[in-house]
Amino acid sequence: MTTVQENTLNDTDTDTGVDTDTGDAAPARARAWWRSATIYQVYTRSFADSNGDGIGDLPGVRAKLPYLAALGVDALWFNPWYPSPMADAGYDIADYRDIEPAFGTLADADALIAQAHARGIRIIVDIVPNHCSDRHRWFLQAVDSEPGSRERSRFWFRPGRGEDGSQPPNDWRSIFGGPAWTRLTASDGTPGEWYLHLFAPEQPDLNWSSPDVRAEFEDVLRFWFDRGADGIRIDSAALVTKDPDLPDLSSNPDPHPYEDRDDVHEIYRAWRAVAESYGGDRALIGELWIPDAERFARYFRPDELHSAFNFPYLCSAWDAAQLRSVIEQTLAVHARVDAPATWVLSNHDVDRHVSRYGRSDTSFGLDRREHGRPVDVGLGTRRARAAAMLTFALPGAAYVYQGDELGLWEVENIPADLRQDPIWRRTGGSDPGRDGCRVPLPWSGAAPPFGFSPDGAPADPWLPQPPAWSGLTVEAEDGDLRSMLELYRAALRIRRQDPALGDGTLTWMPSGESVLDFLRDGRFRCVANLSPTDIALPPHEDVLLQSTDLAEGLLPPDATVWLRVAD
């Protein structure tokens, strides 16, 4: 690693107030906060445990707001914090208008929102429109109601196939493994109708052709906007609507019966109208796994979503040609609809990028987690430092998953009896699932729980922390100018202060085939060396920041540097 070096931008203070007055000189869409924000993802269960039960909570997050403000983030995105049986880590929601008791109360959420706003940090909440929990009052009512009832029309109930109805209504498979249908059984043991769940059986899919469902979710948006939420992250945004005929996938239906259907856009136009009714500073952010760039862009038309996650960038290998192709395509697609690009390296569903970049295959796919393959953590960390600086230099908004700023790696050796992810269970262990990126954060101390829970806590963290994280705690990295934490702090400080960064454009500069070299607004230059050899730095006036030590004007392999160049 290297000592973090910056120019005099370090000495400039920034305003921490949440400023929604952006003047009259430019169109409101071009001035919006979400176009340039650095957004920090909080996986509450694993962030900070305030009461010693081994589960992170909202009071724990509130206690760490000074840390997050000092890190330099503009907004916090919270994974679902609602009451839930936790069949899928909170993505099985039983009540969209309350807080999971293990995390706290509505009063805790209100206090967190207010205190975050006081520090200039916005709040994004996670809404899951595709499905709810099987403990949601609507589903309980549906189970108790007759076939064809209004209560059942809010979901996808169907009779089974075959003479006795013992076969599922179609051949759809759950994303988590196994069939996408589960059959009800009456209290007397009589088999009944089947219901659809694209994920776990505890997550019944909602039927968006029901007026009740549409009205309910628009009201949920208002509930959280009224409480001060600045944005909504939409889970599985492209899966919400279904072909009412529910055709077999084996028949190769066109269009697809549940992925990226045209009728889903009606929903997000209605949601956009709700968001706009709050003055135009509320954002809708979609989780969209859509490979077709043109169809992806349709979600960002002026009356739909504001932005979405950039999964091709996350999934790309540590390869200059691949990354440049993704960057160019991303910027081109977003420019056509005047939407901001977004950049993310990790999240709660994917292997941490320190581990990915330390493997022989540095790409990622949800269908092939590379657990069990050799990982060079040193190499992965070096590349992760370079990747962070590359990411923060690109035009648009950037996301940071909690622990990225510490250089945490994927925990692959969680004992089977402690794993929580339904993917692990429903695939019989053939897919390791997502627990390895959800391990609780290390804050301080030399051994687990590393300050995640209070001293003397009666319960262990809900997932075990590796003892080797002792050198990656916030306490260990704080003030160490060679640490990942100080690199992130320095990079985000410059990102906030330099007008060239955030939303805008870039200009590619001539470079070697394994080098990414671009200008931002004339004088800010980013050079990322993905080649196996040192390269010479271009002419410059100052080195703003570097991911590793420079030697006599040379940038080493797997390193990034930010430069101030002459006009």
# chains A, B, ... in the order shown; residues from 1 in each chain; ligands from 1

$ residues_around --residues "Ser444 of chain A" --least-positions-apart "4" --cutoff "8 Å" --atoms "only C-alpha atoms" --output "list in words"
Phe450, Gly451, Phe452, Ser470, Thr473, Val474, Glu475 and Ala476 of chain A

$ write_last_selection --atoms "N, CA, C and O atoms" --output "PDB file, in the first residue's frame"
ATOM      1  N   PHE A 450     -15.222  -7.344  17.438  1.00  0.00           N
ATOM      2  CA  PHE A 450     -14.584  -6.166  16.848  1.00  0.00           C
ATOM      3  C   PHE A 450     -15.410  -4.889  17.023  1.00  0.00           C
ATOM      4  O   PHE A 450     -15.510  -4.070  16.113  1.00  0.00           O
ATOM      5  N   GLY A 451     -16.025  -4.726  18.173  1.00  0.00           N
ATOM      6  CA  GLY A 451     -16.783  -3.509  18.431  1.00  0.00           C
ATOM      7  C   GLY A 451     -18.110  -3.430  17.717  1.00  0.00           C
ATOM      8  O   GLY A 451     -18.822  -2.426  17.850  1.00  0.00           O
ATOM      9  N   PHE A 452     -18.473  -4.466  16.970  1.00  0.00           N
ATOM     10  CA  PHE A 452     -19.793  -4.478  16.335  1.00  0.00           C
ATOM     11  C   PHE A 452     -20.872  -4.464  17.401  1.00  0.00           C
ATOM     12  O   PHE A 452     -21.876  -3.757  17.284  1.00  0.00           O
ATOM     13  N   SER A 470      -8.767  -8.366  12.153  1.00  0.00           N
ATOM     14  CA  SER A 470      -8.268  -7.487  13.218  1.00  0.00           C
ATOM     15  C   SER A 470      -7.499  -6.291  12.669  1.00  0.00           C
ATOM     16  O   SER A 470      -7.486  -5.217  13.293  1.00  0.00           O
ATOM     17  N   THR A 473     -10.138  -3.191  11.043  1.00  0.00           N
ATOM     18  CA  THR A 473     -11.146  -2.446  11.786  1.00  0.00           C
ATOM     19  C   THR A 473     -11.022  -0.953  11.500  1.00  0.00           C
ATOM     20  O   THR A 473      -9.979  -0.462  11.062  1.00  0.00           O
ATOM     21  N   VAL A 474     -12.098  -0.230  11.777  1.00  0.00           N
ATOM     22  CA  VAL A 474     -12.040   1.223  11.650  1.00  0.00           C
ATOM     23  C   VAL A 474     -10.953   1.784  12.559  1.00  0.00           C
ATOM     24  O   VAL A 474     -10.186   2.673  12.168  1.00  0.00           O
ATOM     25  N   GLU A 475     -10.877   1.249  13.755  1.00  0.00           N
ATOM     26  CA  GLU A 475      -9.869   1.716  14.713  1.00  0.00           C
ATOM     27  C   GLU A 475      -8.456   1.506  14.177  1.00  0.00           C
ATOM     28  O   GLU A 475      -7.590   2.391  14.291  1.00  0.00           O
ATOM     29  N   ALA A 476      -8.199   0.354  13.569  1.00  0.00           N
ATOM     30  CA  ALA A 476      -6.857   0.056  13.063  1.00  0.00           C
ATOM     31  C   ALA A 476      -6.499   0.927  11.869  1.00  0.00           C
ATOM     32  O   ALA A 476      -5.342   1.316  11.693  1.00  0.00           O
TER      33      ALA A 476
END

$ closest_atom_pairs --of "segment 117-166 of chain A" --to "segment 69-83 of chain A" --cutoff "9 Å" --atoms "only C-alpha atoms" --output "JSON lines"
{"residue": "A:Arg119", "atom": "CA", "partner": "A:Ala69", "partner_atom": "CA", "distance": 6.7}
{"residue": "A:Gly120", "atom": "CA", "partner": "A:Asp74", "partner_atom": "CA", "distance": 6.9}
{"residue": "A:Ile121", "atom": "CA", "partner": "A:Ala75", "partner_atom": "CA", "distance": 4.9}
{"residue": "A:Arg122", "atom": "CA", "partner": "A:Ala75", "partner_atom": "CA", "distance": 4.3}
{"residue": "A:Ile123", "atom": "CA", "partner": "A:Leu76", "partner_atom": "CA", "distance": 5.0}
{"residue": "A:Ile124", "atom": "CA", "partner": "A:Trp77", "partner_atom": "CA", "distance": 4.5}
{"residue": "A:Val125", "atom": "CA", "partner": "A:Phe78", "partner_atom": "CA", "distance": 5.3}
{"residue": "A:Asp126", "atom": "CA", "partner": "A:Pro80", "partner_atom": "CA", "distance": 5.2}
{"residue": "A:Ile127", "atom": "CA", "partner": "A:Pro80", "partner_atom": "CA", "distance": 7.0}
{"residue": "A:Val128", "atom": "CA", "partner": "A:Pro80", "partner_atom": "CA", "distance": 8.1}

$ write_last_selection --atoms "C-alpha atoms" --output "compact mmCIF listing (two decimals), in the first residue's frame"
# COMPACT_ATOMS: atom_id res chain seq x y z
CA ARG A 119 -25.27 16.34 8.87
CA GLY A 120 -26.08 16.88 5.21
CA ILE A 121 -26.77 13.20 4.52
CA ARG A 122 -29.86 12.10 2.63
CA ILE A 123 -31.79 8.87 3.22
CA ILE A 124 -32.89 6.29 0.65
CA VAL A 125 -35.25 3.49 1.72
CA ASP A 126 -35.71 0.15 -0.02
CA ILE A 127 -39.13 -0.81 -1.38
CA VAL A 128 -39.90 -4.34 -2.62

$ select_by_dssp --residues "segment 13-214 of chain A" --states "alpha helix (DSSP H)" --output "number ranges by chain"
A: 28-31, 58-63, 65-71, 106-118, 137-143, 150-153, 211-214

$ closest_residue --among "A:Ala116, A:Leu516, A:Ala339, A:Ile494" --to "Leu68 of chain A" --atoms "only C-alpha atoms"
A:Ala116

$ atom_distance --atom1 "atom CA of Asp226 of chain A" --atom2 "atom CA of Asn130 of chain A"
22.9 Å

$ closest_residue --among "A:Leu530, A:Ile99, A:Val565, A:Val543" --to "Asp319 of chain A" --atoms "only C-alpha atoms"
A:Leu530

$ residues_around --residues "segment 403-416 of chain A" --least-positions-apart "3" --cutoff "8 Å" --atoms "only C-alpha atoms" --output "number ranges by chain"
A: 346, 351-355, 371-372, 377, 381, 384, 400, 419, 435-437, 439, 441, 463-464, 466, 469, 472-474, 477, 483-485, 488
